[in-house]
$ cat work_23.cif   # mmCIF, C-alpha atoms
data_protein
#
loop_
_atom_site.label_atom_id
_atom_site.label_comp_id
_atom_site.auth_asym_id
_atom_site.auth_seq_id
_atom_site.Cartn_x
_atom_site.Cartn_y
_atom_site.Cartn_z
CA MET A 1 -3.54 14.79 3.66
CA PHE A 2 -3.34 12.59 6.73
CA GLU A 3 -4.06 13.18 10.37
CA ILE A 4 -3.81 11.03 13.47
CA CYS A 5 -5.01 12.18 16.87
CA PHE A 6 -6.67 11.12 20.07
CA ARG A 7 -10.39 11.34 20.68
CA GLY A 8 -10.91 11.06 24.38
CA GLU A 9 -8.60 8.80 26.32
CA ASP A 10 -9.16 5.51 24.56
CA THR A 11 -9.57 6.22 20.86
CA VAL A 12 -7.16 7.04 18.08
CA VAL A 13 -8.68 8.63 14.99
CA LEU A 14 -7.11 8.28 11.55
CA SER A 15 -8.27 10.53 8.74
CA GLY A 16 -7.33 11.22 5.15
CA ARG A 17 -4.86 8.99 3.33
CA LEU A 18 -2.06 7.14 5.10
CA ASP A 19 0.51 6.70 2.35
CA ALA A 20 4.26 6.38 2.63
CA SER A 21 4.77 10.15 2.64
CA HIS A 22 2.99 10.33 6.01
CA GLU A 23 4.74 7.33 7.50
CA ALA A 24 6.89 9.31 9.94
CA VAL A 25 3.90 11.05 11.50
CA ALA A 26 1.98 7.81 11.94
CA GLU A 27 5.02 5.93 13.18
CA SER A 28 5.88 8.39 15.93
CA PHE A 29 2.27 8.49 17.12
CA LEU A 30 1.71 4.73 17.11
CA ALA A 31 5.09 4.00 18.67
CA ALA A 32 4.10 6.09 21.68
CA LEU A 33 0.96 4.06 22.42
CA ASP A 34 1.43 2.06 25.57
CA ARG A 35 -1.99 0.62 26.29
CA SER A 36 -5.08 -0.78 24.59
CA MET A 37 -6.79 1.60 22.22
CA THR A 38 -9.63 1.68 19.75
CA VAL A 39 -8.55 2.91 16.33
CA ASP A 40 -11.33 4.57 14.36
CA PHE A 41 -10.94 4.33 10.58
CA ASP A 42 -14.19 6.11 9.70
CA GLU A 43 -12.42 9.09 8.14
CA LEU A 44 -9.52 7.15 6.59
CA LYS A 45 -9.89 6.75 2.85
CA TYR A 46 -6.72 4.83 2.06
CA ILE A 47 -3.85 2.99 3.69
CA GLY A 48 -0.76 1.65 1.96
CA SER A 49 1.38 -1.30 2.94
CA ASN A 50 3.74 0.93 4.92
CA GLY A 51 0.83 2.11 7.08
CA LEU A 52 -0.30 -1.45 7.54
CA GLY A 53 3.19 -2.34 8.65
CA LEU A 54 3.09 0.39 11.28
CA LEU A 55 -0.18 -0.91 12.67
CA PHE A 56 1.25 -4.42 12.69
CA ALA A 57 4.33 -3.27 14.59
CA ALA A 58 2.22 -1.37 17.12
CA GLN A 59 -0.01 -4.39 17.69
CA ALA A 60 2.95 -6.74 18.10
CA ARG A 61 4.49 -4.43 20.68
CA LEU A 62 1.25 -3.94 22.61
CA LEU A 63 0.38 -7.64 22.63
CA GLU A 64 3.71 -8.35 24.34
CA LYS A 65 2.50 -6.11 27.16
CA GLY A 66 -0.94 -7.68 27.31
CA GLU A 67 -2.51 -4.74 25.51
CA SER A 68 -3.98 -4.49 22.00
CA LEU A 69 -5.59 -2.33 19.35
CA LYS A 70 -9.22 -2.71 18.35
CA LEU A 71 -10.08 -1.43 14.88
CA ILE A 72 -13.48 0.03 14.06
CA ASN A 73 -15.33 1.56 11.10
CA LEU A 74 -13.17 0.18 8.31
CA ASN A 75 -14.66 0.74 4.86
CA GLU A 76 -15.00 -2.19 2.46
CA HIS A 77 -11.70 -1.47 0.71
CA LEU A 78 -9.77 -1.37 3.97
CA ARG A 79 -11.45 -4.57 5.17
CA TYR A 80 -10.46 -6.28 1.93
CA VAL A 81 -6.81 -5.30 2.25
CA PHE A 82 -6.71 -6.16 5.95
CA ARG A 83 -8.09 -9.59 5.13
CA LEU A 84 -5.50 -10.11 2.38
CA GLY A 85 -2.77 -9.30 4.85
CA GLY A 86 -4.11 -11.68 7.47
CA PHE A 87 -4.76 -8.75 9.75
CA ASP A 88 -8.25 -9.97 10.53
CA THR A 89 -6.65 -12.66 12.69
CA ILE A 90 -4.25 -10.26 14.38
CA PHE A 91 -6.63 -7.46 15.26
CA GLN A 92 -10.11 -7.35 16.71
CA ILE A 93 -12.00 -5.64 13.88
CA GLU A 94 -15.55 -4.33 14.31
CA MET B 1 -6.85 3.14 -25.39
CA PHE B 2 -5.41 5.87 -23.22
CA VAL B 3 -1.69 6.18 -22.68
CA GLU B 4 0.08 8.80 -20.65
CA THR B 5 3.60 9.08 -19.22
CA TRP B 6 4.95 11.17 -16.39
CA LEU B 7 8.31 11.77 -14.75
CA LEU B 8 8.05 11.27 -11.00
CA ARG B 9 10.68 12.82 -8.76
CA ARG B 10 12.56 10.07 -6.96
CA SER B 11 11.23 10.75 -3.46
CA ILE B 12 8.75 9.22 -1.04
CA ALA B 13 7.18 12.69 -0.87
CA THR B 14 6.10 12.19 -4.49
CA VAL B 15 3.61 9.44 -3.57
CA PRO B 16 0.62 11.81 -3.12
CA GLU B 17 1.38 13.43 -6.48
CA MET B 18 1.57 10.00 -8.11
CA HIS B 19 -1.78 9.05 -6.59
CA GLU B 20 -3.28 12.31 -7.81
CA LEU B 21 -2.09 11.63 -11.37
CA LEU B 22 -3.57 8.16 -11.21
CA ARG B 23 -6.84 9.56 -9.86
CA GLY B 24 -7.13 11.66 -13.01
CA CYS B 25 -6.87 8.47 -15.05
CA TYR B 26 -9.42 6.69 -12.88
CA GLU B 27 -11.92 9.51 -13.33
CA ARG B 28 -11.34 9.68 -17.07
CA PHE B 29 -12.00 5.97 -17.44
CA SER B 30 -14.66 5.65 -14.73
CA ILE B 31 -12.53 3.16 -12.80
CA ASP B 32 -14.53 1.88 -9.84
CA PRO B 33 -13.35 2.74 -6.31
CA ALA B 34 -12.37 -0.85 -5.46
CA THR B 35 -10.09 -1.09 -8.48
CA ALA B 36 -8.70 2.38 -7.81
CA PHE B 37 -7.84 1.41 -4.24
CA CYS B 38 -5.99 -1.70 -5.44
CA LEU B 39 -4.07 0.23 -8.08
CA ASP B 40 -3.10 2.94 -5.57
CA LEU B 41 -1.83 0.27 -3.18
CA ALA B 42 0.20 -1.47 -5.87
CA ALA B 43 1.55 1.81 -7.26
CA GLU B 44 2.67 3.00 -3.85
CA GLU B 45 4.41 -0.29 -3.10
CA VAL B 46 6.24 -0.40 -6.43
CA PHE B 47 7.29 3.24 -6.39
CA THR B 48 8.44 3.32 -2.76
CA ASN B 49 10.48 0.16 -3.31
CA LEU B 50 12.18 1.73 -6.32
CA VAL B 51 12.97 4.88 -4.35
CA ARG B 52 14.17 3.07 -1.24
CA HIS B 53 16.12 0.19 -2.75
CA ASN B 54 17.48 1.35 -6.10
CA ARG B 55 20.62 3.46 -6.03
CA SER B 56 20.63 5.79 -8.99
CA ASP B 57 21.91 9.18 -10.05
CA GLU B 58 18.67 9.71 -11.94
CA LYS B 59 16.35 12.20 -10.26
CA PHE B 60 13.21 10.81 -11.85
CA VAL B 61 11.33 7.56 -12.35
CA THR B 62 9.14 7.24 -15.44
CA MET B 63 5.56 6.09 -14.92
CA THR B 64 3.27 5.14 -17.80
CA VAL B 65 -0.44 4.43 -17.53
CA GLU B 66 -2.36 2.55 -20.23
CA CYS B 67 -6.11 2.24 -19.85
CA SER B 68 -8.38 0.17 -22.06
CA PRO B 69 -11.95 -0.96 -21.44
CA GLN B 70 -10.56 -4.32 -20.29
CA GLU B 71 -7.59 -3.45 -18.12
CA VAL B 72 -5.25 -0.89 -16.64
CA HIS B 73 -1.52 -1.30 -17.12
CA LEU B 74 0.93 0.68 -14.98
CA GLN B 75 4.64 0.64 -15.69
CA TRP B 76 7.60 2.25 -14.00
CA ILE B 77 11.07 2.53 -15.54
CA ASP B 78 13.97 3.22 -13.22
CA ARG B 79 17.12 4.03 -15.19
CA GLY B 80 20.74 3.49 -14.31
CA VAL B 81 20.17 1.06 -11.47
CA PRO B 82 21.70 -2.26 -10.43
CA ARG B 83 19.74 -5.33 -11.33
CA PHE B 84 17.20 -6.38 -8.70
CA GLU B 85 14.27 -8.74 -8.68
CA PRO B 86 12.53 -9.98 -5.55
CA SER B 87 13.41 -13.54 -4.69
CA ALA B 88 10.84 -16.26 -4.25
CA GLU B 89 11.52 -16.08 -0.51
CA GLN B 90 10.84 -12.35 -0.45
CA LEU B 91 7.61 -12.85 -2.35
CA ALA B 92 6.42 -15.68 -0.11
CA VAL B 93 4.62 -14.38 2.95
CA ASP B 94 2.50 -16.60 5.17
CA VAL B 95 -0.24 -14.25 6.40
CA THR B 96 -1.93 -17.04 8.32
CA ARG B 97 0.84 -17.25 10.90
CA PRO B 98 0.26 -15.83 14.38
CA ILE B 99 1.71 -12.37 14.87
CA SER B 100 4.61 -13.72 16.94
CA GLN B 101 5.72 -15.93 14.05
CA ARG B 102 5.46 -13.42 11.24
CA ARG B 103 8.74 -12.01 10.02
CA PRO B 104 9.02 -8.34 9.13
CA GLY B 105 9.01 -7.40 5.46
CA GLY B 106 7.36 -8.84 2.40
CA LEU B 107 3.83 -7.71 3.24
CA GLY B 108 3.81 -4.97 0.62
CA LEU B 109 4.79 -7.26 -2.24
CA HIS B 110 2.34 -9.88 -1.02
CA LEU B 111 -0.49 -7.35 -1.01
CA THR B 112 0.51 -6.04 -4.42
CA ARG B 113 0.49 -9.51 -5.95
CA SER B 114 -2.87 -10.16 -4.30
CA VAL B 115 -4.66 -7.07 -5.57
CA VAL B 116 -3.45 -7.06 -9.18
CA ASP B 117 -3.62 -9.63 -11.94
CA ALA B 118 0.02 -9.44 -12.94
CA LEU B 119 3.23 -8.03 -11.46
CA THR B 120 6.29 -8.17 -13.71
CA PHE B 121 9.95 -7.25 -13.37
CA GLY B 122 12.35 -6.61 -16.22
CA TYR B 123 15.92 -5.42 -16.55
CA GLU B 124 17.80 -4.34 -19.64
CA ASN B 125 20.83 -2.13 -20.18
CA GLY B 126 20.75 -0.73 -16.66
CA ASP B 127 17.04 0.06 -16.73
CA MET B 128 14.64 -1.70 -14.40
CA THR B 129 11.01 -2.00 -15.49
CA VAL B 130 8.18 -2.94 -13.15
CA GLY B 131 4.70 -3.54 -14.53
CA VAL B 132 1.30 -4.02 -12.97
CA VAL B 133 -1.83 -5.18 -14.77
CA LYS B 134 -5.32 -4.93 -13.31
CA ARG B 135 -8.23 -6.35 -15.24
CA LEU B 136 -11.26 -4.19 -14.79
CA GLY B 137 -14.05 -5.63 -12.71
CA SER B 138 -11.91 -8.53 -11.48
CA ASP B 139 -12.29 -7.87 -7.74
CA ARG B 140 -15.68 -6.31 -7.37
CA GLU B 141 -17.13 -9.48 -5.91
CA GLU B 142 -14.25 -9.70 -3.44
CA THR B 143 -14.93 -6.31 -1.87
CA VAL B 144 -18.67 -6.69 -1.77
CA LYS B 145 -18.50 -9.87 0.34
#

$ encode --input "work_23.cif" --output "structure tokens"
Amino acid sequence: MFEICFRGEDTVVLSGRLDASHEAVAESFLAALDRSMTVDFDELKYIGSNGLGLLFAAQARLLEKGESLKLINLNEHLRYVFRLGGFDTIFQIE
Amino acid sequence: MFVETWLLRRSIATVPEMHELLRGCYERFSIDPATAFCLDLAAEEVFTNLVRHNRSDEKFVTMTVECSPQEVHLQWIDRGVPRFEPSAEQLAVDVTRPISQRRPGGLGLHLTRSVVDALTFGYENGDMTVGVVKRLGSDREETVK
């Protein structure tokens, strides 16, 4: 199960497990972002490389416009994988 | 030693089912959450690559799990496919580059190689075999940092 939604005007909430089977849902949501957002990972238990790629693509697109994503509440497993992918230098992670 | 084999329908939609089957193995062998996360990541990457890149008339991919007190070994056999093995260039990803200099692709294999202790590719008589080995307890210190 995976869900992605807005909380308020400035926060995107991910929950469940973002695996390849949910890629289309995540992709369409993230592709529509057009300004800086905080992405809350508190309820996300797992992300695969495809999900990481979607976040990367969203960040690359937003940075070109002077906007960016800030990531918060990553659990230790997510932090580990983000660090392995060099994402800790691409995103502001809190 | 625990060994079990399943037939996975050749579809990206099968990924949650594959993860659920693996979770049963993790619980049976008390695999810690950090190791389970790494194995799920590697399994998803291997399986989705087989589904997306291998042309085959076969409807299923075979997955075998072997668990021992020392390690977990996952293996997928994809039958009736053309030979394919990632090139050194595909496997080489510089994750230290700024975002503007990073090329698309390769991240999944890079992550897989980083979170497991061995990633192997084999091909014989039209059957492609991909194996992943994860030694138990090998990354606990990494995730606790």

$ interface_residues --input "work_23.cif" --of "chain B" --to "chain A" --cutoff "12 Å" --atoms "only C-alpha atoms" --output "ChimeraX atom specification"
/B:11-20,32-49,51-52,93-115,139-145

$ closest_residue --input "work_23.cif" --among "A:Ala31, A:Ala26, A:Cys5, A:Met37" --to "Gly51 in chain A" --atoms "all atoms listed in the file"
A:Ala26

$ resolve_selection --input "work_23.cif" --expression "the PyMOL selection byres ((chain B and resi 50) around 12)" --output "PyMOL selection string"
chain B and resi 8-12+15+43-49+51-56+58-63+76-86+121+127-130

$ write_last_selection --input "work_23.cif" --atoms "C-alpha atoms" --output "JSON list (two decimals), in the frame of the given file"
[["chain", "number", "residue", "atom", "x", "y", "z"],
["B", 8, "LEU", "CA", 8.05, 11.27, -11.00],
["B", 9, "ARG", "CA", 10.68, 12.82, -8.76],
["B", 10, "ARG", "CA", 12.56, 10.07, -6.96],
["B", 11, "SER", "CA", 11.23, 10.75, -3.46],
["B", 12, "ILE", "CA", 8.75, 9.22, -1.04],
["B", 15, "VAL", "CA", 3.61, 9.44, -3.57],
["B", 43, "ALA", "CA", 1.55, 1.81, -7.26],
["B", 44, "GLU", "CA", 2.67, 3.00, -3.85],
["B", 45, "GLU", "CA", 4.41, -0.29, -3.10],
["B", 46, "VAL", "CA", 6.24, -0.40, -6.43],
["B", 47, "PHE", "CA", 7.29, 3.24, -6.39],
["B", 48, "THR", "CA", 8.44, 3.32, -2.76],
["B", 49, "ASN", "CA", 10.48, 0.16, -3.31],
["B", 51, "VAL", "CA", 12.97, 4.88, -4.35],
["B", 52, "ARG", "CA", 14.17, 3.07, -1.24],
["B", 53, "HIS", "CA", 16.12, 0.19, -2.75],
["B", 54, "ASN", "CA", 17.48, 1.35, -6.10],
["B", 55, "ARG", "CA", 20.62, 3.46, -6.03],
["B", 56, "SER", "CA", 20.63, 5.79, -8.99],
["B", 58, "GLU", "CA", 18.67, 9.71, -11.94],
["B", 59, "LYS", "CA", 16.35, 12.20, -10.26],
["B", 60, "PHE", "CA", 13.21, 10.81, -11.85],
["B", 61, "VAL", "CA", 11.33, 7.56, -12.35],
["B", 62, "THR", "CA", 9.14, 7.24, -15.44],
["B", 63, "MET", "CA", 5.56, 6.09, -14.92],
["B", 76, "TRP", "CA", 7.60, 2.25, -14.00],
["B", 77, "ILE", "CA", 11.07, 2.53, -15.54],
["B", 78, "ASP", "CA", 13.97, 3.22, -13.22],
["B", 79, "ARG", "CA", 17.12, 4.03, -15.19],
["B", 80, "GLY", "CA", 20.74, 3.49, -14.31],
["B", 81, "VAL", "CA", 20.17, 1.06, -11.47],
["B", 82, "PRO", "CA", 21.70, -2.26, -10.43],
["B", 83, "ARG", "CA", 19.74, -5.33, -11.33],
["B", 84, "PHE", "CA", 17.20, -6.38, -8.70],
["B", 85, "GLU", "CA", 14.27, -8.74, -8.68],
["B", 86, "PRO", "CA", 12.53, -9.98, -5.55],
["B", 121, "PHE", "CA", 9.95, -7.25, -13.37],
["B", 127, "ASP", "CA", 17.04, 0.06, -16.73],
["B", 128, "MET", "CA", 14.64, -1.70, -14.40],
["B", 129, "THR", "CA", 11.01, -2.00, -15.49],
["B", 130, "VAL", "CA", 8.18, -2.94, -13.15]]

$ atom_distance --input "work_23.cif" --atom1 "CA of Leu44 in chain A" --atom2 "CA of Ala32 in chain A"
20.4 Å

$ atom_distance --input "work_23.cif" --atom1 "CA of Leu136 in chain B" --atom2 "CA of Arg28 in chain B"
14.1 Å

$ atom_distance --input "work_23.cif" --atom1 "CA of Lys70 in chain A" --atom2 "CA of Asp40 in chain A"
8.6 Å

$ closest_residue --input "work_23.cif" --among "A:Asp34, A:Glu27, A:Glu43, A:Glu94" --to "Arg61 in chain A" --atoms "only C-alpha atoms"
A:Asp34

$ closest_residue --input "work_23.cif" --among "A:Arg7, A:Phe2, A:Ser15, A:Leu62" --to "Leu30 in chain A" --atoms "only C-alpha atoms"
A:Leu62

$ axis_aligned_box --input "work_23.cif" --around "range 111-119 of chain B" --padding-each-side "6 Å" --output "AutoDock Vina command-line options"
--center_x -0.7 --center_y -8.1 --center_z -7.0 --size_x 19.9 --size_y 16.1 --size_z 23.9

$ resolve_selection --input "work_23.cif" --expression "the PyMOL selection byres ((chain B and resi 118) around 6)" --output "list in words"
Val116, Asp117, Leu119, Val132 and Val133 of chain B
